[in-house]
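Data block for run07.cif (mmCIF, C-alpha atoms and all ligand atoms):
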data_start
loop_
_atom_site.label_atom_id
_atom_site.label_comp_id
_atom_site.auth_asym_id
_atom_site.auth_seq_id
_atom_site.Cartn_x
_atom_site.Cartn_y
_atom_site.Cartn_z
CA MET I 1 114.20 95.50 -57.69
CA ILE I 2 116.59 96.63 -55.03
CA ASP I 3 116.21 97.44 -51.39
CA THR I 4 116.53 101.16 -51.06
CA ALA I 5 114.22 101.32 -48.07
CA ALA I 6 117.09 101.22 -45.61
CA PRO I 7 117.02 104.29 -43.39
CA ARG I 8 118.97 107.17 -44.81
CA HIS I 9 121.65 108.73 -42.69
CA GLU I 10 120.60 111.81 -40.82
CA LYS I 11 121.03 114.52 -43.40
CA ASN I 12 123.43 117.06 -42.02
CA GLU I 13 124.28 120.32 -43.69
CA VAL I 14 127.80 119.53 -44.75
CA PHE I 15 129.43 122.38 -46.50
CA GLY I 16 132.85 121.82 -47.88
CA LYS I 17 135.55 123.37 -49.89
CA ASP I 18 134.83 124.46 -53.44
CA MET I 19 137.26 122.44 -55.54
CA GLY I 20 136.35 123.95 -58.90
CA MET I 21 136.27 121.70 -61.95
CA ASP I 22 139.85 122.39 -62.91
CA GLU I 23 141.48 121.50 -59.64
CA SER I 24 142.79 118.02 -59.17
CA VAL I 25 140.82 115.54 -57.15
CA ALA I 26 141.54 114.66 -53.55
CA SER I 27 144.98 113.24 -53.10
CA ASP I 28 144.68 109.58 -52.32
CA GLU I 29 147.24 107.67 -50.33
CA ARG I 30 147.42 105.46 -53.34
CA ARG I 31 147.26 107.24 -56.62
CA PRO I 32 144.15 106.20 -58.54
CA LEU I 33 144.63 103.99 -61.56
CA LEU I 34 142.71 106.42 -63.72
CA ARG I 35 141.99 110.07 -63.12
CA ILE I 36 139.89 111.93 -65.61
CA GLU I 37 140.18 115.67 -65.22
CA SER I 38 137.89 118.26 -66.82
CA LEU I 39 137.49 116.09 -69.90
CA LYS I 40 135.60 117.51 -72.87
CA THR I 41 134.65 115.40 -75.87
CA HIS I 42 132.60 117.14 -78.51
CA PHE I 43 131.03 116.08 -81.81
CA PHE I 44 131.28 118.63 -84.57
CA VAL I 45 128.01 118.27 -86.47
CA ASP I 46 126.34 120.73 -88.87
CA ASP I 47 124.12 122.19 -86.13
CA GLY I 48 127.12 123.05 -83.94
CA PRO I 49 129.29 121.25 -81.42
CA VAL I 50 127.51 118.52 -79.45
CA ARG I 51 129.13 118.74 -76.00
CA ALA I 52 128.66 115.05 -75.22
CA VAL I 53 131.24 115.11 -72.42
CA ASP I 54 131.63 118.57 -70.99
CA GLY I 55 134.09 118.78 -68.14
CA VAL I 56 134.04 115.31 -66.60
CA THR I 57 136.23 114.76 -63.54
CA LEU I 58 136.28 111.32 -61.94
CA THR I 59 138.66 108.75 -60.52
CA VAL I 60 138.91 104.99 -60.71
CA PRO I 61 140.81 103.57 -57.72
CA ARG I 62 142.96 100.47 -58.10
CA GLY I 63 141.14 97.16 -57.86
CA LYS I 64 137.74 98.81 -57.47
CA THR I 65 134.56 98.89 -59.50
CA VAL I 66 133.26 102.31 -60.40
CA CYS I 67 129.77 102.38 -61.88
CA ILE I 68 128.80 105.28 -64.11
CA VAL I 69 125.07 105.93 -64.03
CA GLY I 70 122.69 108.44 -65.52
CA GLU I 71 119.85 108.63 -67.98
CA SER I 72 120.29 108.01 -71.67
CA GLY I 73 122.37 110.62 -73.48
CA CYS I 74 124.29 111.82 -70.38
CA GLY I 75 127.68 111.00 -71.93
CA LYS I 76 128.49 107.74 -70.14
CA SER I 77 129.55 105.79 -73.24
CA ILE I 78 131.46 108.68 -74.74
CA THR I 79 133.41 109.03 -71.48
CA GLY I 80 134.37 105.33 -71.70
CA ARG I 81 135.21 105.63 -75.40
CA SER I 82 137.32 108.72 -74.74
CA VAL I 83 139.49 106.71 -72.34
CA MET I 84 139.97 104.06 -75.03
CA GLY I 85 140.60 106.60 -77.80
CA LEU I 86 137.60 105.16 -79.62
CA VAL I 87 135.52 108.29 -80.22
CA GLU I 88 134.24 108.21 -83.77
CA HIS I 89 134.35 111.05 -86.26
CA PRO I 90 133.07 113.80 -86.05
CA GLY I 91 133.86 113.58 -82.34
CA ARG I 92 137.13 114.21 -80.56
CA VAL I 93 138.57 115.02 -77.16
CA VAL I 94 138.92 118.81 -77.15
CA ASP I 95 140.17 119.47 -73.63
CA GLY I 96 141.13 117.90 -70.32
CA HIS I 97 143.29 115.01 -69.18
CA ILE I 98 142.96 111.27 -68.78
CA TRP I 99 145.76 110.35 -66.39
CA TRP I 100 146.62 106.69 -66.63
CA SER I 101 148.89 105.40 -63.87
CA PRO I 102 149.37 101.66 -64.29
CA ALA I 103 152.53 101.41 -62.18
CA ASP I 104 151.77 100.08 -58.74
CA GLY I 105 154.75 97.96 -57.81
CA ASP I 106 153.63 95.20 -60.14
CA GLN I 107 155.67 96.75 -62.91
CA ARG I 108 155.24 95.20 -66.31
CA SER I 109 155.76 96.43 -69.78
CA SER I 110 152.84 97.20 -72.08
CA ALA I 111 154.14 94.62 -74.51
CA GLY I 112 154.62 91.79 -72.07
CA GLY I 113 151.31 91.38 -70.33
CA ARG I 114 150.81 89.08 -67.34
CA ASN I 115 148.87 86.00 -66.62
CA PRO I 116 145.27 87.22 -66.77
CA LEU I 117 144.14 84.50 -64.42
CA ARG I 118 146.54 85.32 -61.64
CA ARG I 119 146.06 87.86 -58.87
CA SER I 120 148.34 90.85 -59.25
CA ARG I 121 150.81 91.89 -56.58
CA ARG I 122 150.38 95.44 -55.31
CA HIS I 123 152.97 96.59 -52.84
CA ALA I 124 155.25 99.40 -53.78
CA ALA I 125 154.21 103.00 -53.60
CA ASP I 126 153.24 104.57 -56.87
CA SER I 127 155.51 106.88 -58.67
CA ASP I 128 154.02 109.86 -60.44
CA GLN I 129 156.55 109.78 -63.17
CA ASP I 130 154.89 107.23 -65.35
CA ALA I 131 151.36 108.65 -65.42
CA VAL I 132 150.37 108.99 -69.07
CA ASP I 133 147.83 111.49 -70.31
CA LEU I 134 145.79 109.34 -72.69
CA ALA I 135 143.95 112.45 -73.89
CA ALA I 136 147.20 113.76 -75.31
CA LEU I 137 147.94 110.60 -77.31
CA ASP I 138 146.99 110.15 -80.95
CA PRO I 139 143.92 107.85 -80.88
CA ARG I 140 145.27 106.02 -83.91
CA GLY I 141 148.88 106.02 -82.72
CA GLU I 142 151.00 103.11 -81.57
CA ALA I 143 151.24 104.23 -77.92
CA LEU I 144 147.50 104.23 -77.31
CA ARG I 145 147.05 101.07 -79.36
CA ARG I 146 149.52 99.33 -77.06
CA ILE I 147 147.66 100.43 -73.96
CA ARG I 148 144.28 99.58 -75.48
CA GLY I 149 143.67 95.87 -75.24
CA ASN I 150 146.82 95.36 -73.24
CA GLU I 151 146.25 97.48 -70.15
CA ILE I 152 142.71 98.72 -70.75
CA SER I 153 139.99 96.65 -72.45
CA MET I 154 136.39 97.37 -73.23
CA VAL I 155 133.31 95.16 -73.46
CA PHE I 156 130.37 96.55 -75.40
CA GLN I 157 126.61 96.23 -75.33
CA GLU I 158 126.16 94.06 -78.43
CA PRO I 159 128.34 90.95 -78.17
CA MET I 160 127.13 89.59 -81.52
CA ALA I 161 128.15 92.78 -83.28
CA SER I 162 131.52 92.85 -81.56
CA LEU I 163 132.55 89.41 -82.86
CA SER I 164 133.24 88.79 -86.52
CA PRO I 165 130.98 86.17 -88.13
CA MET I 166 133.77 85.43 -90.63
CA TYR I 167 136.24 83.91 -88.19
CA THR I 168 136.04 81.17 -85.57
CA ILE I 169 136.22 82.02 -81.89
CA ALA I 170 139.69 80.42 -81.81
CA GLU I 171 140.94 82.63 -84.64
CA GLN I 172 139.67 85.78 -82.92
CA LEU I 173 141.00 84.82 -79.52
CA ILE I 174 144.40 83.76 -80.82
CA GLU I 175 144.72 86.92 -82.89
CA THR I 176 144.02 89.14 -79.88
CA ILE I 177 146.36 87.20 -77.61
CA ARG I 178 149.22 87.27 -80.14
CA LEU I 179 148.67 90.92 -80.93
CA HIS I 180 149.66 91.81 -77.40
CA ARG I 181 151.76 88.93 -76.14
CA ARG I 182 154.74 87.16 -77.63
CA MET I 183 153.39 83.64 -77.78
CA SER I 184 153.31 80.74 -80.23
CA LYS I 185 149.98 79.90 -81.88
CA ARG I 186 149.86 76.68 -79.91
CA ASP I 187 150.32 78.44 -76.57
CA ALA I 188 147.82 81.14 -77.54
CA TYR I 189 145.33 78.39 -78.40
CA ARG I 190 145.88 76.75 -75.01
CA LEU I 191 145.43 80.08 -73.24
CA GLY I 192 142.29 80.65 -75.32
CA VAL I 193 140.78 77.38 -74.11
CA GLU I 194 141.77 78.25 -70.55
CA LEU I 195 140.11 81.66 -70.86
CA LEU I 196 136.89 80.24 -72.32
CA THR I 197 136.75 77.75 -69.48
CA ARG I 198 137.36 80.56 -66.99
CA VAL I 199 134.43 82.58 -68.32
CA GLY I 200 132.15 79.58 -67.90
CA ILE I 201 131.89 78.24 -71.43
CA PRO I 202 131.32 74.47 -71.27
CA ARG I 203 133.24 72.24 -73.70
CA ALA I 204 135.57 75.11 -74.38
CA GLU I 205 137.75 73.23 -76.86
CA GLN I 206 134.75 72.48 -79.03
CA ARG I 207 133.54 76.11 -78.86
CA MET I 208 136.90 77.30 -80.10
CA ASN I 209 135.91 76.06 -83.56
CA ALA I 210 132.47 77.69 -83.50
CA TYR I 211 131.43 80.92 -85.22
CA SER I 212 129.67 83.67 -83.29
CA PHE I 213 126.32 83.02 -85.00
CA GLN I 214 126.38 79.48 -83.65
CA LEU I 215 126.46 80.76 -80.06
CA SER I 216 123.81 82.41 -77.87
CA GLY I 217 124.05 86.10 -76.91
CA GLY I 218 125.22 85.15 -73.42
CA MET I 219 127.93 82.84 -74.82
CA CYS I 220 129.10 85.57 -77.20
CA GLN I 221 129.38 88.01 -74.32
CA ARG I 222 131.43 85.46 -72.38
CA VAL I 223 133.72 85.14 -75.39
CA MET I 224 134.02 88.95 -75.53
CA ILE I 225 134.91 88.98 -71.83
CA ALA I 226 137.52 86.25 -72.46
CA ILE I 227 139.01 88.38 -75.24
CA ALA I 228 138.90 91.47 -73.04
CA ILE I 229 140.74 89.81 -70.15
CA ALA I 230 143.15 87.86 -72.37
CA CYS I 231 146.03 90.23 -71.67
CA GLY I 232 145.26 90.77 -68.00
CA PRO I 233 144.11 94.40 -68.29
CA LYS I 234 144.41 96.70 -65.32
CA LEU I 235 141.11 98.32 -66.25
CA LEU I 236 138.04 96.84 -67.89
CA ILE I 237 135.47 99.27 -69.23
CA ALA I 238 132.13 97.50 -69.52
CA ASP I 239 129.54 99.53 -71.40
CA GLU I 240 126.09 98.14 -70.64
CA PRO I 241 127.48 94.62 -71.15
CA THR I 242 124.24 92.88 -70.26
CA THR I 243 121.59 95.10 -71.84
CA ALA I 244 121.10 92.82 -74.85
CA LEU I 245 120.75 89.68 -72.72
CA ASP I 246 117.87 88.00 -70.90
CA VAL I 247 117.57 88.53 -67.16
CA THR I 248 119.08 85.20 -66.08
CA THR I 249 122.03 85.57 -68.42
CA GLN I 250 122.47 89.17 -67.26
CA ALA I 251 122.84 88.01 -63.68
CA ARG I 252 125.38 85.33 -64.65
CA ILE I 253 127.49 87.77 -66.64
CA ILE I 254 127.45 90.29 -63.79
CA ASP I 255 128.53 87.56 -61.36
CA LEU I 256 131.29 86.52 -63.75
CA LEU I 257 132.64 90.06 -64.08
CA ALA I 258 132.56 90.55 -60.32
CA GLU I 259 134.41 87.24 -59.82
CA ILE I 260 137.11 88.10 -62.36
CA GLN I 261 137.45 91.55 -60.86
CA ALA I 262 137.96 90.13 -57.39
CA GLU I 263 140.36 87.42 -58.59
CA THR I 264 142.63 89.54 -60.71
CA ASP I 265 142.41 92.86 -58.89
CA MET I 266 141.70 94.71 -62.11
CA SER I 267 139.63 97.85 -61.83
CA MET I 268 136.33 98.10 -63.60
CA MET I 269 134.48 101.08 -65.01
CA PHE I 270 130.94 99.78 -65.40
CA ILE I 271 128.48 101.85 -67.42
CA THR I 272 124.86 101.06 -66.72
CA HIS I 273 121.30 102.31 -66.38
CA ASP I 274 120.53 99.58 -63.90
CA LEU I 275 120.80 100.74 -60.30
CA GLY I 276 120.15 97.17 -59.13
CA VAL I 277 123.39 96.11 -60.79
CA VAL I 278 125.13 99.14 -59.26
CA ALA I 279 124.02 98.11 -55.77
CA GLN I 280 125.40 94.65 -56.44
CA ILE I 281 128.83 95.38 -57.85
CA ALA I 282 129.90 98.99 -57.30
CA ASP I 283 132.50 100.21 -54.86
CA GLU I 284 132.06 103.75 -56.08
CA VAL I 285 129.37 105.44 -58.12
CA VAL I 286 129.69 108.32 -60.55
CA VAL I 287 126.42 110.03 -61.44
CA MET I 288 126.44 111.83 -64.79
CA TYR I 289 124.04 114.37 -66.16
CA LEU I 290 124.28 116.06 -69.55
CA GLY I 291 127.98 115.52 -70.03
CA THR I 292 129.07 116.34 -66.47
CA VAL I 293 129.61 114.44 -63.24
CA VAL I 294 127.14 115.66 -60.64
CA GLU I 295 128.25 113.37 -57.84
CA GLN I 296 130.84 110.72 -57.03
CA GLY I 297 130.87 108.74 -53.80
CA SER I 298 131.01 105.25 -52.34
CA VAL I 299 128.08 103.01 -53.17
CA GLU I 300 126.87 103.23 -49.55
CA GLU I 301 126.98 107.01 -49.57
CA ILE I 302 125.21 107.31 -52.89
CA PHE I 303 122.41 104.89 -51.97
CA HIS I 304 121.91 105.90 -48.35
CA ASP I 305 122.83 109.56 -48.35
CA PRO I 306 122.56 110.94 -51.88
CA LYS I 307 123.43 114.62 -52.03
CA HIS I 308 122.67 115.85 -55.52
CA PRO I 309 118.99 116.41 -56.33
CA TYR I 310 119.50 114.42 -59.55
CA THR I 311 120.94 111.44 -57.66
CA ARG I 312 117.97 111.59 -55.28
CA ALA I 313 115.57 111.71 -58.20
CA LEU I 314 117.25 108.74 -59.89
CA LEU I 315 117.02 106.70 -56.69
CA ALA I 316 113.38 107.68 -56.17
CA SER I 317 112.60 106.39 -59.65
CA ILE I 318 113.48 102.77 -58.87
CA PRO I 319 110.99 100.29 -57.40
CA LYS I 320 111.52 99.64 -53.68
CA MET I 321 111.36 96.49 -51.61
CA GLY I 322 110.32 96.31 -47.97
CA VAL I 323 108.98 99.43 -46.29
CA GLY I 324 107.37 101.71 -48.87
CA ALA I 325 107.25 98.95 -51.47
CA ARG I 326 103.62 99.74 -52.27
CA LYS I 327 104.42 103.30 -53.15
CA ARG I 328 104.76 103.84 -56.89
CA PRO I 329 108.25 104.89 -57.90
CA GLU I 330 108.49 108.55 -58.82
CA THR I 331 109.48 109.57 -62.30
CA ILE I 332 111.90 112.41 -62.93
CA ARG I 333 109.89 115.18 -64.52
CA GLY I 334 110.91 116.26 -68.00
CA GLN I 335 113.70 114.77 -70.05
CA VAL I 336 117.43 115.13 -70.42
CA PRO I 337 117.82 117.96 -72.96
CA HIS I 338 119.94 117.30 -76.05
CA PRO I 339 123.46 118.71 -75.53
CA LEU I 340 122.75 121.20 -78.36
CA ASN I 341 119.99 122.71 -76.19
CA ARG I 342 121.91 122.84 -72.96
CA PRO I 343 120.16 125.10 -70.42
CA ALA I 344 122.14 127.99 -68.95
CA GLY I 345 123.51 127.55 -65.42
CA CYS I 346 123.12 124.12 -63.86
CA PRO I 347 122.05 121.73 -66.63
CA PHE I 348 119.66 119.99 -64.21
CA HIS I 349 117.93 123.15 -62.95
CA PRO I 350 114.81 122.97 -65.19
CA ARG I 351 114.01 119.56 -63.66
CA CYS I 352 115.19 120.28 -60.11
CA ASP I 353 112.77 120.86 -57.23
CA GLN I 354 115.42 122.65 -55.22
CA ALA I 355 116.65 125.03 -57.92
CA ILE I 356 117.33 128.55 -56.65
CA ALA I 357 116.06 131.18 -59.08
CA GLY I 358 118.71 133.65 -60.12
CA VAL I 359 121.48 131.24 -59.14
CA CYS I 360 120.95 127.80 -60.65
CA ASP I 361 119.61 129.20 -63.91
CA THR I 362 122.47 131.63 -64.40
CA SER I 363 125.74 130.26 -63.07
CA GLU I 364 127.53 126.95 -63.50
CA PRO I 365 127.36 125.02 -60.23
CA PRO I 366 130.57 124.62 -58.24
CA THR I 367 132.02 121.21 -57.51
CA VAL I 368 132.18 120.93 -53.74
CA GLU I 369 134.25 118.41 -51.88
CA LEU I 370 132.53 116.92 -48.86
CA PRO I 371 134.15 114.87 -46.10
CA ASN I 372 135.61 111.50 -47.23
CA GLY I 373 136.58 112.94 -50.59
CA ARG I 374 133.00 112.90 -51.80
CA ARG I 375 132.26 115.36 -54.57
CA VAL I 376 128.99 116.98 -55.51
CA ARG I 377 128.40 119.56 -58.21
CA CYS I 378 125.58 121.59 -56.74
CA VAL I 379 125.20 125.08 -55.35
CA LEU I 380 123.23 123.73 -52.36
CA TYR I 381 126.53 122.59 -50.82
CA ASP I 382 128.32 125.90 -51.28
CA ARG I 383 127.70 127.86 -48.10
CA GLU I 384 128.78 131.18 -49.55
CA LEU I 385 126.61 131.00 -52.65
CA VAL I 386 123.56 129.81 -50.73
CA THR I 387 123.98 132.58 -48.14
CA THR I 388 124.39 135.20 -50.87
CA ALA I 389 121.31 133.88 -52.66
CA ALA I 390 119.31 133.99 -49.40
CA LYS I 391 120.41 137.59 -48.77
CA GLY I 392 119.41 138.47 -52.33
CA ASP I 393 115.96 136.99 -51.69
CA GLN I 394 115.57 139.01 -48.50
CA ALA I 395 116.59 142.14 -50.37
CA VAL I 396 114.06 141.42 -53.10
CA GLU I 397 111.35 140.73 -50.49
CA ALA I 398 112.17 143.96 -48.64
CA THR I 399 112.09 145.96 -51.87
CA SER I 400 108.85 144.44 -53.12
CA GLY I 401 107.34 144.82 -49.62
CA GLY I 402 108.06 148.56 -49.75
CA THR I 403 106.46 148.94 -53.16
CA ASP I 404 103.26 147.19 -52.07
CA GLU I 405 102.64 149.49 -49.14
N1 LIG N 1 128.44 110.20 -83.46
C1 LIG N 1 127.80 111.14 -82.78
N2 LIG N 1 127.46 112.31 -83.37
C2 LIG N 1 126.81 113.29 -82.69
N3 LIG N 1 126.44 113.17 -81.38
C3 LIG N 1 126.74 112.02 -80.76
C4 LIG N 1 127.43 110.96 -81.40
N4 LIG N 1 127.58 109.93 -80.51
C5 LIG N 1 127.01 110.36 -79.37
N5 LIG N 1 126.51 111.60 -79.51
C6 LIG N 1 125.80 112.39 -78.49
O1 LIG N 1 126.55 112.43 -77.33
C7 LIG N 1 125.70 112.43 -76.19
C8 LIG N 1 126.17 111.42 -75.19
O2 LIG N 1 126.02 110.12 -75.75
P1 LIG N 1 126.37 108.79 -74.95
O3 LIG N 1 126.20 107.64 -75.89
O4 LIG N 1 127.68 108.93 -74.29
O5 LIG N 1 125.24 108.77 -73.85
P2 LIG N 1 124.95 107.64 -72.77
O6 LIG N 1 124.82 108.32 -71.46
O7 LIG N 1 125.94 106.54 -72.88
O8 LIG N 1 123.51 107.15 -73.23
P3 LIG N 1 122.95 105.64 -73.39
O9 LIG N 1 122.76 105.17 -72.00
O10 LIG N 1 121.69 105.82 -74.14
O11 LIG N 1 124.01 104.86 -74.15
C9 LIG N 1 124.28 112.16 -76.70
O12 LIG N 1 123.55 113.36 -76.73
C10 LIG N 1 124.51 111.68 -78.09
O13 LIG N 1 123.45 112.08 -78.94
#

Can you present the structure in this file as structure tokens?
Ligand SMILES: Nc1ncnc2c1ncn2[C@@H]1O[C@H](COP(=O)(O)OP(=O)(O)OP(=O)(O)O)[C@@H](O)[C@H]1O
Amino acid sequence: MIDTAAPRHEKNEVFGKDMGMDESVASDERRPLLRIESLKTHFFVDDGPVRAVDGVTLTVPRGKTVCIVGESGCGKSITGRSVMGLVEHPGRVVDGHIWWSPADGDQRSSAGGRNPLRRSRRHAADSDQDAVDLAALDPRGEALRRIRGNEISMVFQEPMASLSPMYTIAEQLIETIRLHRRMSKRDAYRLGVELLTRVGIPRAEQRMNAYSFQLSGGMCQRVMIAIAIACGPKLLIADEPTTALDVTTQARIIDLLAEIQAETDMSMMFITHDLGVVAQIADEVVVMYLGTVVEQGSVEEIFHDPKHPYTRALLASIPKMGVGARKRPETIRGQVPHPLNRPAGCPFHPRCDQAIAGVCDTSEPPTVELPNGRRVRCVLYDRELVTTAAKGDQAVEATSGGTDE
């Protein structure tokens, strides 16, 4: 349960500039580590293309944790997998860009890696020249393979399934370390023990000889985290990393990830259903609905001044502490439609209490940039469209009034 009873900021009518989905995001003083722009990842099944990710634009700043939230089937995992080049057949990235800008003054080669347990130095200004569009790379090619595991790692939901039962933890750790770093087996073993100790595994040397089935789910996830941070990635994508674990273990793993994040300055893209976890670890929050981003803002903004009706509905659906705690949480009416049955206009309009007939059910919503670089994909924040819709309503009222008389 999380405390969402804190007073919301006075809601002011902030209308901003329509950025459009194809325009680049707000220019940051420091270029973001990752900038996903109008990304589309579709699955080509017999019934037609499943538009799992359908124009996602989001940014992950350096050294920050960005949580991606949304109901099941909104495209969170496929967004993460697209970044890693791990979308399975029959899916593929069909459009958009995934700009990866690792250079930040702490220049290092993809092959070399850095000490994963040491804080990175971040001084020099970024240069645009070395941004790589991951979406343009062959998912099975050498270039993306080098970046994957070396600069970007991913931790998945099922730690048991991610580890091989055929090899010891040592073998799997050493293999990963040596795949990306030039190191003797002995040194890789030492680093492996160091990493297991770092992720809180007691008697690490002994555990090196264990097989995954001899460890608990929580221990396996710690091992997966050790493997993921082995090469000192700049970005860790964690896809529901605690869902399969009991509550106490969940909390420990979340604490561990937050600690590592703070220590090493890596960025984290954290995919979760759990808004309690979001409140705990997020710097920024990306809210996804049916393959699109409906809102991105700082964690404070999203929790205390949510703009999009879907974000508000998600927040209203979590149990509250303090004032209002006795009120039952509201459920969001209806369900997320399957991407094959995507509604026309705004995908959320059939479930939205503020939908404007003739607007939200017919045209794609604009992405509007609000002050502080906040982005919301909703017609309610587009002054021109709302005014036009209101005039249309008056015209309809006037016409129907005349007919009645
Ligand atoms: N292999 C596949 N073939 C066809 N459709 C797929 C495939 N994998 C995912 N999808 C579809 O893509 C959409 C987005 O899936 P995704 O797993 O990204 O959702 P999610 O938001 O991560 O949900 P959850 O929280 O349940 O993991 C879903 O409608 C899903 O059915």

Exercise. With distances taken over only C-alpha atoms and all ligand atoms, which of I:Leu257, I:Leu191, I:Leu144, I:Val50 is nearest to ligand LIG 1 (chain N)?
Worked result: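 Answer, going by the shortest atom-to-atom distance: I:Val50.
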
Problem set entry | Nearest to ligand LIG 1 (chain N), chosen from I:Gly70, I:Pro165, I:Pro49, I:Gly75, with only C-alpha atoms and all ligand atoms counted in the distances |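 Smallest distance to ligand LIG 1 (chain N) is found for I:Gly75.
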
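In terms of minimum interatomic distance to ligand LIG 1 (chain N), I:Ile271 ranks closest within I:Ala103, I:Ile225, I:Ile271, I:Val93, counting all atoms listed in the file.
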
Select from chain I every residue with an atom at most 9 Å from any atom of ligand LIG 1 (chain N), then for each give the shortest pair of atoms and their distance in Å to one decimal, using all atoms listed in the file, rows by chain and rising number, as JSON lines.
{"residue": "I:Thr41", "atom": "CA", "partner": "N:LIG1", "partner_atom": "O1", "distance": 8.8}
{"residue": "I:His42", "atom": "CA", "partner": "N:LIG1", "partner_atom": "O1", "distance": 7.8}
{"residue": "I:Phe43", "atom": "CA", "partner": "N:LIG1", "partner_atom": "C2", "distance": 5.1}
{"residue": "I:Phe44", "atom": "CA", "partner": "N:LIG1", "partner_atom": "C2", "distance": 7.2}
{"residue": "I:Val45", "atom": "CA", "partner": "N:LIG1", "partner_atom": "C2", "distance": 6.4}
{"residue": "I:Pro49", "atom": "CA", "partner": "N:LIG1", "partner_atom": "C2", "distance": 8.4}
{"residue": "I:Val50", "atom": "CA", "partner": "N:LIG1", "partner_atom": "N3", "distance": 5.8}
{"residue": "I:Arg51", "atom": "CA", "partner": "N:LIG1", "partner_atom": "O1", "distance": 6.9}
{"residue": "I:Ala52", "atom": "CA", "partner": "N:LIG1", "partner_atom": "O1", "distance": 4.0}
{"residue": "I:Val53", "atom": "CA", "partner": "N:LIG1", "partner_atom": "C8", "distance": 6.9}
{"residue": "I:Ile68", "atom": "CA", "partner": "N:LIG1", "partner_atom": "O6", "distance": 8.9}
{"residue": "I:Val69", "atom": "CA", "partner": "N:LIG1", "partner_atom": "O6", "distance": 7.8}
{"residue": "I:Gly70", "atom": "CA", "partner": "N:LIG1", "partner_atom": "O6", "distance": 6.3}
{"residue": "I:Glu71", "atom": "CA", "partner": "N:LIG1", "partner_atom": "O9", "distance": 6.0}
{"residue": "I:Ser72", "atom": "CA", "partner": "N:LIG1", "partner_atom": "O10", "distance": 3.6}
{"residue": "I:Gly73", "atom": "CA", "partner": "N:LIG1", "partner_atom": "O5", "distance": 3.4}
{"residue": "I:Cys74", "atom": "CA", "partner": "N:LIG1", "partner_atom": "O6", "distance": 3.7}
{"residue": "I:Gly75", "atom": "CA", "partner": "N:LIG1", "partner_atom": "O4", "distance": 3.1}
{"residue": "I:Lys76", "atom": "CA", "partner": "N:LIG1", "partner_atom": "O7", "distance": 3.9}
{"residue": "I:Ser77", "atom": "CA", "partner": "N:LIG1", "partner_atom": "O7", "distance": 3.7}
{"residue": "I:Ile78", "atom": "CA", "partner": "N:LIG1", "partner_atom": "O4", "distance": 3.8}
{"residue": "I:Thr79", "atom": "CA", "partner": "N:LIG1", "partner_atom": "O4", "distance": 6.4}
{"residue": "I:Gly80", "atom": "CA", "partner": "N:LIG1", "partner_atom": "O4", "distance": 8.0}
{"residue": "I:Arg81", "atom": "CA", "partner": "N:LIG1", "partner_atom": "O4", "distance": 8.3}
{"residue": "I:Val87", "atom": "CA", "partner": "N:LIG1", "partner_atom": "N1", "distance": 8.0}
{"residue": "I:Glu88", "atom": "CA", "partner": "N:LIG1", "partner_atom": "N1", "distance": 6.1}
{"residue": "I:His89", "atom": "CA", "partner": "N:LIG1", "partner_atom": "N1", "distance": 6.6}
{"residue": "I:Pro90", "atom": "CA", "partner": "N:LIG1", "partner_atom": "N2", "distance": 6.4}
{"residue": "I:Gly91", "atom": "CA", "partner": "N:LIG1", "partner_atom": "N1", "distance": 6.5}
{"residue": "I:Asp239", "atom": "CA", "partner": "N:LIG1", "partner_atom": "O7", "distance": 8.0}
{"residue": "I:Glu240", "atom": "CA", "partner": "N:LIG1", "partner_atom": "O11", "distance": 7.9}
{"residue": "I:Ile271", "atom": "CA", "partner": "N:LIG1", "partner_atom": "O7", "distance": 7.6}
{"residue": "I:Thr272", "atom": "CA", "partner": "N:LIG1", "partner_atom": "O9", "distance": 7.0}
{"residue": "I:His273", "atom": "CA", "partner": "N:LIG1", "partner_atom": "O9", "distance": 6.5}
{"residue": "I:Met288", "atom": "CA", "partner": "N:LIG1", "partner_atom": "O6", "distance": 7.7}
{"residue": "I:Tyr289", "atom": "CA", "partner": "N:LIG1", "partner_atom": "O6", "distance": 8.1}
{"residue": "I:Leu290", "atom": "CA", "partner": "N:LIG1", "partner_atom": "C8", "distance": 7.5}
{"residue": "I:Gly291", "atom": "CA", "partner": "N:LIG1", "partner_atom": "C8", "distance": 6.8}
{"residue": "I:Val336", "atom": "CA", "partner": "N:LIG1", "partner_atom": "O12", "distance": 9.0}
{"residue": "I:Pro337", "atom": "CA", "partner": "N:LIG1", "partner_atom": "O12", "distance": 8.3}
{"residue": "I:His338", "atom": "CA", "partner": "N:LIG1", "partner_atom": "O12", "distance": 5.4}
{"residue": "I:Pro339", "atom": "CA", "partner": "N:LIG1", "partner_atom": "O12", "distance": 5.5}
{"residue": "I:Leu340", "atom": "CA", "partner": "N:LIG1", "partner_atom": "O12", "distance": 8.0}

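Atom to atom, CA of Ser164 (chain I) and CA of Phe213 (chain I) stand 9.1 Å apart.
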
For this session: Pick out the closest residue to Cys231 (chain I) from this set: I:Arg182, I:His349, I:Arg383, I:His304. Count only C-alpha atoms.
Result: I:Arg182

How big is the axis-aligned box around the listed atoms of region 291-301 of chain I once 4 Å is added on each side, and where is its centre? Give both in Å to one decimal, as JSON.
{"center_x": 128.9, "center_y": 109.7, "center_z": -59.8, "size_x": 12.1, "size_y": 21.3, "size_z": 28.5}

Exercise. With all atoms listed in the file as the basis for distance, which of I:Thr292, I:Leu275, I:Asp133, I:Pro371 is at the shortest distance from Arg342 (chain I)?
Worked result: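 Closest to Arg342 (chain I) of all the choices is I:Thr292.
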